[in-house]
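So this block is structure-v9.cif, mmCIF, C-alpha atoms and all ligand atoms:
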```cif
data_query
#
loop_
_atom_site.group_PDB
_atom_site.id
_atom_site.type_symbol
_atom_site.label_atom_id
_atom_site.label_comp_id
_atom_site.auth_asym_id
_atom_site.auth_seq_id
_atom_site.Cartn_x
_atom_site.Cartn_y
_atom_site.Cartn_z
ATOM 1 C CA MET A 10 29.562 65.496 48.179
ATOM 2 C CA ARG A 11 33.035 67.024 48.160
ATOM 3 C CA THR A 12 36.080 64.799 48.547
ATOM 4 C CA LEU A 13 38.305 65.855 51.435
ATOM 5 C CA TYR A 14 40.662 62.864 51.441
ATOM 6 C CA THR A 15 40.934 60.089 48.868
ATOM 7 C CA GLU A 16 41.144 56.355 49.506
ATOM 8 C CA GLN A 17 44.856 56.480 48.752
ATOM 9 C CA GLN A 18 45.485 59.329 51.219
ATOM 10 C CA ILE A 19 43.469 57.515 53.872
ATOM 11 C CA ALA A 20 45.333 54.229 53.364
ATOM 12 C CA GLU A 21 48.685 55.998 53.697
ATOM 13 C CA ARG A 22 47.656 57.876 56.837
ATOM 14 C CA VAL A 23 46.153 54.808 58.519
ATOM 15 C CA ASP A 24 49.339 52.882 57.794
ATOM 16 C CA GLU A 25 51.441 55.659 59.309
ATOM 17 C CA MET A 26 49.243 55.788 62.425
ATOM 18 C CA ALA A 27 49.485 52.018 62.883
ATOM 19 C CA ARG A 28 53.265 52.125 62.625
ATOM 20 C CA GLN A 29 53.390 54.802 65.327
ATOM 21 C CA MET A 30 50.956 52.939 67.607
ATOM 22 C CA ALA A 31 52.838 49.663 67.236
ATOM 23 C CA GLU A 32 55.925 51.527 68.434
ATOM 24 C CA ASP A 33 54.181 53.325 71.329
ATOM 25 C CA LEU A 34 51.718 50.838 72.799
ATOM 26 C CA PRO A 35 52.256 47.634 74.794
ATOM 27 C CA LYS A 36 51.777 44.355 72.904
ATOM 28 C CA ASP A 37 48.672 43.382 74.889
ATOM 29 C CA PHE A 38 46.684 46.614 74.582
ATOM 30 C CA LEU A 39 42.923 46.622 74.035
ATOM 31 C CA LEU A 40 41.626 48.322 70.897
ATOM 32 C CA ALA A 41 38.179 49.713 71.749
ATOM 33 C CA PRO A 42 36.335 51.093 68.707
ATOM 34 C CA VAL A 43 33.226 53.192 69.350
ATOM 35 C CA LEU A 44 30.371 51.882 67.200
ATOM 36 C CA THR A 45 28.890 52.519 64.855
ATOM 37 C CA GLY A 46 31.082 54.967 62.998
ATOM 38 C CA ALA A 47 34.513 53.580 63.909
ATOM 39 C CA PHE A 48 34.026 50.102 62.432
ATOM 40 C CA ILE A 49 35.674 50.795 59.056
ATOM 41 C CA PHE A 50 38.614 52.660 60.579
ATOM 42 C CA ALA A 51 39.045 49.898 63.176
ATOM 43 C CA ALA A 52 39.133 47.166 60.521
ATOM 44 C CA ASP A 53 41.786 48.943 58.452
ATOM 45 C CA LEU A 54 43.825 49.996 61.468
ATOM 46 C CA LEU A 55 43.775 46.522 63.001
ATOM 47 C CA ARG A 56 45.174 44.945 59.851
ATOM 48 C CA ALA A 57 47.830 47.646 59.518
ATOM 49 C CA LEU A 58 48.783 47.106 63.177
ATOM 50 C CA TYR A 59 49.284 43.406 62.514
ATOM 51 C CA LYS A 60 51.648 44.274 59.684
ATOM 52 C CA TYR A 61 53.739 46.249 62.180
ATOM 53 C CA GLY A 62 53.842 43.387 64.701
ATOM 54 C CA SER A 63 50.992 44.544 66.949
ATOM 55 C CA ASP A 64 48.107 42.146 67.636
ATOM 56 C CA PRO A 65 45.785 43.848 70.162
ATOM 57 C CA TYR A 66 42.682 42.498 71.869
ATOM 58 C CA VAL A 67 39.526 44.077 70.407
ATOM 59 C CA ASP A 68 36.274 44.973 72.134
ATOM 60 C CA PHE A 69 33.509 47.322 71.015
ATOM 61 C CA VAL A 70 31.383 49.841 72.835
ATOM 62 C CA GLN A 71 28.435 51.559 71.163
ATOM 63 C CA LEU A 72 27.491 55.154 71.909
ATOM 64 C CA SER A 73 24.964 57.418 70.261
ATOM 65 C CA SER A 74 24.255 61.124 70.468
ATOM 66 C CA TYR A 75 23.307 62.184 66.932
ATOM 67 C CA ALA A 76 20.592 59.573 66.205
ATOM 68 C CA GLY A 77 20.656 60.200 62.462
ATOM 69 C CA ALA A 78 20.691 63.997 62.750
ATOM 70 C CA ARG A 79 23.472 66.381 61.691
ATOM 71 C CA SER A 80 23.767 67.996 65.094
ATOM 72 C CA SER A 81 24.359 66.512 68.512
ATOM 73 C CA SER A 82 21.399 65.854 70.809
ATOM 74 C CA GLY A 83 23.726 66.857 73.637
ATOM 75 C CA VAL A 84 23.177 63.549 75.418
ATOM 76 C CA VAL A 85 25.384 60.508 74.916
ATOM 77 C CA THR A 86 23.545 57.195 75.247
ATOM 78 C CA LEU A 87 25.294 53.896 75.899
ATOM 79 C CA LEU A 88 23.791 51.395 73.432
ATOM 80 C CA LYS A 89 26.255 48.560 73.968
ATOM 81 C CA ASP A 90 28.663 48.174 76.847
ATOM 82 C CA PHE A 91 32.107 46.584 76.647
ATOM 83 C CA SER A 92 32.066 42.792 76.729
ATOM 84 C CA VAL A 93 35.376 42.508 78.576
ATOM 85 C CA ASP A 94 36.703 43.866 81.845
ATOM 86 C CA VAL A 95 39.017 46.784 81.087
ATOM 87 C CA GLU A 96 40.534 46.943 84.586
ATOM 88 C CA GLY A 97 44.324 47.039 84.510
ATOM 89 C CA LYS A 98 44.503 47.223 80.717
ATOM 90 C CA THR A 99 45.950 49.795 78.353
ATOM 91 C CA VAL A 100 42.922 50.810 76.303
ATOM 92 C CA LEU A 101 43.020 52.626 72.986
ATOM 93 C CA LEU A 102 39.591 54.190 72.485
ATOM 94 C CA LEU A 103 38.991 54.666 68.787
ATOM 95 C CA ASP A 104 36.396 56.900 67.171
ATOM 96 C CA ASP A 105 35.731 58.038 63.627
ATOM 97 C CA VAL A 106 35.094 61.720 64.291
ATOM 98 C CA LEU A 107 35.669 64.185 67.106
ATOM 99 C CA ASP A 108 33.195 67.055 66.966
ATOM 100 C CA THR A 109 31.829 68.377 70.284
ATOM 101 C CA GLY A 110 34.049 65.819 72.058
ATOM 102 C CA ARG A 111 31.094 64.513 74.110
ATOM 103 C CA SER A 112 31.264 60.929 72.829
ATOM 104 C CA LEU A 113 34.987 60.512 73.396
ATOM 105 C CA HIS A 114 34.749 62.189 76.790
ATOM 106 C CA PHE A 115 31.941 59.810 77.777
ATOM 107 C CA GLY A 116 33.832 56.734 76.542
ATOM 108 C CA LYS A 117 37.046 57.805 78.228
ATOM 109 C CA GLY A 118 35.191 58.378 81.509
ATOM 110 C CA MET A 119 33.710 54.865 81.339
ATOM 111 C CA VAL A 120 37.095 53.255 80.832
ATOM 112 C CA GLU A 121 38.772 55.346 83.545
ATOM 113 C CA ASP A 122 35.993 54.612 86.053
ATOM 114 C CA ARG A 123 36.521 50.902 85.497
ATOM 115 C CA GLY A 124 40.169 51.082 86.431
ATOM 116 C CA ALA A 125 42.005 50.850 83.124
ATOM 117 C CA ALA A 126 45.763 51.163 83.656
ATOM 118 C CA GLU A 127 46.054 53.677 80.830
ATOM 119 C CA VAL A 128 43.589 55.238 78.367
ATOM 120 C CA LYS A 129 44.763 56.475 74.988
ATOM 121 C CA THR A 130 42.451 58.074 72.454
ATOM 122 C CA CYS A 131 42.454 58.114 68.687
ATOM 123 C CA VAL A 132 40.166 59.686 66.116
ATOM 124 C CA PHE A 133 40.226 59.292 62.381
ATOM 125 C CA VAL A 134 39.255 62.935 61.901
ATOM 126 C CA LYS A 135 39.066 65.879 64.245
ATOM 127 C CA LYS A 136 36.772 68.762 63.361
ATOM 128 C CA LEU A 137 38.231 72.143 64.235
ATOM 129 C CA THR A 138 35.240 73.221 66.288
ATOM 130 C CA GLY A 139 37.102 74.578 69.268
ATOM 131 C CA HIS A 140 34.917 72.458 71.618
ATOM 132 C CA ALA A 141 37.054 69.423 71.157
ATOM 133 C CA GLU A 142 40.051 71.238 72.666
ATOM 134 C CA ASP A 143 38.740 70.163 76.067
ATOM 135 C CA ILE A 144 39.563 66.552 75.354
ATOM 136 C CA HIS A 145 43.097 65.435 74.668
ATOM 137 C CA CYS A 146 43.481 63.076 71.739
ATOM 138 C CA ASP A 147 46.658 61.023 71.397
ATOM 139 C CA TYR A 148 46.311 60.106 67.728
ATOM 140 C CA ILE A 149 44.553 62.187 65.060
ATOM 141 C CA GLY A 150 44.352 61.050 61.450
ATOM 142 C CA PHE A 151 43.040 64.173 59.738
ATOM 143 C CA GLU A 152 41.542 67.544 60.533
ATOM 144 C CA ALA A 153 38.398 69.041 58.981
ATOM 145 C CA ASN A 154 36.519 72.329 59.131
ATOM 146 C CA ALA A 155 33.983 72.797 61.907
ATOM 147 C CA ASP A 156 31.138 73.465 59.484
ATOM 148 C CA ASP A 157 31.725 70.420 57.270
ATOM 149 C CA PHE A 158 29.356 67.526 57.873
ATOM 150 C CA LEU A 159 31.560 64.515 57.215
ATOM 151 C CA VAL A 160 30.508 61.321 55.489
ATOM 152 C CA GLY A 161 32.117 58.099 54.351
ATOM 153 C CA TYR A 162 34.753 55.829 55.867
ATOM 154 C CA GLY A 163 32.152 54.763 58.453
ATOM 155 C CA MET A 164 30.480 58.139 58.895
ATOM 156 C CA ASP A 165 26.806 58.426 58.041
ATOM 157 C CA ASP A 166 24.265 60.966 56.941
ATOM 158 C CA GLY A 167 20.916 59.820 58.292
ATOM 159 C CA GLY A 168 22.207 56.244 58.499
ATOM 160 C CA ARG A 169 23.538 56.068 54.908
ATOM 161 C CA MET A 170 26.901 56.697 53.223
ATOM 162 C CA ARG A 171 28.999 54.773 55.745
ATOM 163 C CA GLY A 172 30.372 52.656 52.893
ATOM 164 C CA VAL A 173 31.703 55.577 50.852
ATOM 165 C CA PRO A 174 35.408 54.659 50.745
ATOM 166 C CA LEU A 175 36.754 58.215 50.916
ATOM 167 C CA LEU A 176 36.254 61.036 53.420
ATOM 168 C CA GLY A 177 33.674 63.443 52.067
ATOM 169 C CA ALA A 178 31.756 66.498 53.204
ATOM 170 C CA VAL A 179 28.125 67.380 52.587
ATOM 171 C CA ASN A 180 26.768 70.801 53.546
HETATM 172 O O1 LIG A 201 32.331 64.587 69.301
HETATM 173 P P1 LIG A 201 30.858 64.312 69.201
HETATM 174 O O2 LIG A 201 30.053 65.546 69.007
HETATM 175 O O3 LIG A 201 30.366 63.460 70.350
HETATM 176 O O4 LIG A 201 30.619 63.510 67.841
HETATM 177 C C1 LIG A 201 31.310 62.339 67.529
HETATM 178 C C2 LIG A 201 30.424 61.125 67.528
HETATM 179 O O5 LIG A 201 29.361 61.298 66.596
HETATM 180 C C3 LIG A 201 29.196 60.096 65.858
HETATM 181 O O6 LIG A 201 28.404 59.196 66.589
HETATM 182 P P2 LIG A 201 26.818 59.114 66.461
HETATM 183 O O7 LIG A 201 26.193 59.514 67.747
HETATM 184 O O8 LIG A 201 26.369 59.798 65.213
HETATM 185 O O9 LIG A 201 26.596 57.550 66.312
HETATM 186 P P3 LIG A 201 27.110 56.557 65.158
HETATM 187 O O10 LIG A 201 28.579 56.297 65.443
HETATM 188 O O11 LIG A 201 26.270 55.364 65.372
HETATM 189 O O12 LIG A 201 26.906 57.212 63.814
HETATM 190 C C4 LIG A 201 30.609 59.581 65.755
HETATM 191 O O13 LIG A 201 30.646 58.193 65.473
HETATM 192 C C5 LIG A 201 31.225 59.919 67.082
HETATM 193 O O14 LIG A 201 31.107 58.875 68.018
HETATM 194 N N1 LIG A 202 28.647 61.491 60.055
HETATM 195 C C1 LIG A 202 29.036 62.418 60.931
HETATM 196 N N2 LIG A 202 28.867 62.218 62.242
HETATM 197 C C2 LIG A 202 29.274 63.185 63.068
HETATM 198 N N3 LIG A 202 29.216 63.242 64.403
HETATM 199 C C3 LIG A 202 29.742 64.405 64.760
HETATM 200 N N4 LIG A 202 30.139 65.121 63.707
HETATM 201 C C4 LIG A 202 29.850 64.368 62.635
HETATM 202 C C5 LIG A 202 30.042 64.565 61.230
HETATM 203 O O1 LIG A 202 30.564 65.571 60.742
HETATM 204 N N5 LIG A 202 29.614 63.549 60.437
#
```

Output the file's structure in the form of structure tokens.
Ligand SMILES: O=P(O)(O)OC[C@H]1O[C@H](OP(=O)(O)OP(=O)(O)O)[C@H](O)[C@@H]1O
Ligand SMILES: Nc1nc2[nH]cnc2c(=O)[nH]1
Amino acid sequence: MRTLYTEQQIAERVDEMARQMAEDLPKDFLLAPVLTGAFIFAADLLRALYKYGSDPYVDFVQLSSYAGARSSSGVVTLLKDFSVDVEGKTVLLLDDVLDTGRSLHFGKGMVEDRGAAEVKTCVFVKKLTGHAEDIHCDYIGFEANADDFLVGYGMDDGGRMRGVPLLGAVN
């Protein structure tokens, strides 16, 4: 595994993102992490947001399209729906990685269809695949090469390595 970003670099970037979000977003926004991969990022971001005076509601949605493989199946499956009604809310959809853009596009569509007042999107890392240009992302933590398979900080390889505290690449 190659290290792309260290724990220290990640902590600094997450802090910076939280400061910006606390400035931009309404006090009562809904933070909506996309499980499974976004859970580590969400936990760190949420605590950094609190430090900057932002205390959002939190609700999870779970999507899957890789099912343990290193390439997308092409089909996004909803494994767990939101538990709250998103109608009228400002929703910040949070994902760990943007690759083909299918997962974020699917999640954004769900939230828009249900009448959210505003949908913002955030990814911890955007892969420079070219596909993801189709979907606008409001907050991007880091960028990575298209041919890197990313692990750590919530991202798995066949279900493992989510607990690696840095952002790594295996390929
Ligand atoms: O831009 P895309 O090509 O859609 O890829 C990004 C998605 O891939 C991963 O999800 P995965 O389906 O592997 O599920 P997981 O979060 O449970 O690991 C990741 O968490 C993103 O949601
Ligand atoms: N773990 C992991 N999941 C992904 N989903 C889409 N791209 C990736 C990636 O590079 N790593």

*Excluding same-chain residues fewer than 6 positions from A:Val67, what lies within 9 Å of it counting all atoms listed in the file, as JSON, numbers by chain?*
{"A": [38, 39, 40, 41, 42, 55]}

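Where the distance criterion is 7 Å and the atoms used are all atoms listed in the file, the residues close to ligand LIG 202 (chain A) are Tyr75, Arg79, Ser80, Ser81, Val106, Leu107, Asp108, Asp157, Phe158, Leu159, Val160, Met164, Asp165 and Asp166 of chain A.
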
*Of the residues A:Asp64, A:Asp33, A:Glu121, A:Asp53, which is the one nearest to A:Tyr148, using all atoms listed in the file?*
A:Asp33

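In this structure, atom CA of A:Ala155 sits 14.2 Å away from atom C4 of ligand LIG 201 (chain A).
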
What do you get, as a compact mmCIF listing (two decimals) with C-alpha atoms, in the frame of the given file, if you spell out every residue that the PyMOL selection byres (((not hetatm)) within 10 of (chain A and resi 201)) selects here?
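Contents of expr.txt, freshly written:
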```txt
# COMPACT_ATOMS: atom_id res chain seq x y z
CA PRO A 42 36.34 51.09 68.71
CA VAL A 43 33.23 53.19 69.35
CA LEU A 44 30.37 51.88 67.20
CA THR A 45 28.89 52.52 64.86
CA GLY A 46 31.08 54.97 63.00
CA ALA A 47 34.51 53.58 63.91
CA PHE A 48 34.03 50.10 62.43
CA GLN A 71 28.44 51.56 71.16
CA LEU A 72 27.49 55.15 71.91
CA SER A 73 24.96 57.42 70.26
CA SER A 74 24.26 61.12 70.47
CA TYR A 75 23.31 62.18 66.93
CA ALA A 76 20.59 59.57 66.20
CA GLY A 77 20.66 60.20 62.46
CA ALA A 78 20.69 64.00 62.75
CA ARG A 79 23.47 66.38 61.69
CA SER A 80 23.77 68.00 65.09
CA SER A 81 24.36 66.51 68.51
CA SER A 82 21.40 65.85 70.81
CA GLY A 83 23.73 66.86 73.64
CA VAL A 84 23.18 63.55 75.42
CA VAL A 85 25.38 60.51 74.92
CA THR A 86 23.54 57.20 75.25
CA LEU A 87 25.29 53.90 75.90
CA LEU A 88 23.79 51.40 73.43
CA LEU A 103 38.99 54.67 68.79
CA ASP A 104 36.40 56.90 67.17
CA ASP A 105 35.73 58.04 63.63
CA VAL A 106 35.09 61.72 64.29
CA LEU A 107 35.67 64.18 67.11
CA ASP A 108 33.20 67.06 66.97
CA THR A 109 31.83 68.38 70.28
CA GLY A 110 34.05 65.82 72.06
CA ARG A 111 31.09 64.51 74.11
CA SER A 112 31.26 60.93 72.83
CA LEU A 113 34.99 60.51 73.40
CA HIS A 114 34.75 62.19 76.79
CA PHE A 115 31.94 59.81 77.78
CA GLY A 116 33.83 56.73 76.54
CA VAL A 132 40.17 59.69 66.12
CA VAL A 134 39.26 62.94 61.90
CA LYS A 135 39.07 65.88 64.24
CA LYS A 136 36.77 68.76 63.36
CA THR A 138 35.24 73.22 66.29
CA HIS A 140 34.92 72.46 71.62
CA ALA A 141 37.05 69.42 71.16
CA ILE A 144 39.56 66.55 75.35
CA LEU A 159 31.56 64.52 57.22
CA VAL A 160 30.51 61.32 55.49
CA GLY A 163 32.15 54.76 58.45
CA MET A 164 30.48 58.14 58.90
CA ASP A 165 26.81 58.43 58.04
CA ASP A 166 24.26 60.97 56.94
CA GLY A 167 20.92 59.82 58.29
CA GLY A 168 22.21 56.24 58.50
CA ARG A 169 23.54 56.07 54.91
CA ARG A 171 29.00 54.77 55.74
```

*Spell out the residues picked by the PyMOL selection byres (((chain A and resi 35) around 12) and not hetatm) here, as a PyMOL selection string.*
chain A and resi 29-34+36-40+62-66+98-101+126-127+129

The PyMOL selection byres (((chain A and resi 174-178) around 7) and not hetatm) on the file shown: which residues, as a short mmCIF file (atom, residue, chain, number, x, y, z; two decimals) with C-alpha atoms, in the coordinates of the input?
```
data_model
loop_
_atom_site.label_atom_id
_atom_site.label_comp_id
_atom_site.auth_asym_id
_atom_site.auth_seq_id
_atom_site.Cartn_x
_atom_site.Cartn_y
_atom_site.Cartn_z
CA MET A 10 29.56 65.50 48.18
CA ARG A 11 33.03 67.02 48.16
CA THR A 12 36.08 64.80 48.55
CA LEU A 13 38.30 65.86 51.44
CA TYR A 14 40.66 62.86 51.44
CA THR A 15 40.93 60.09 48.87
CA GLU A 16 41.14 56.36 49.51
CA ASP A 157 31.72 70.42 57.27
CA PHE A 158 29.36 67.53 57.87
CA LEU A 159 31.56 64.52 57.22
CA VAL A 160 30.51 61.32 55.49
CA GLY A 161 32.12 58.10 54.35
CA TYR A 162 34.75 55.83 55.87
CA GLY A 172 30.37 52.66 52.89
CA VAL A 173 31.70 55.58 50.85
CA VAL A 179 28.12 67.38 52.59
CA ASN A 180 26.77 70.80 53.55
#
```

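For the pair atom CA of A:Cys146 and atom CA of A:Thr130, the interatomic distance is 5.2 Å.
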
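The coordinates place atom CA of A:Cys131 at 14.9 Å from atom CA of A:Ala57.
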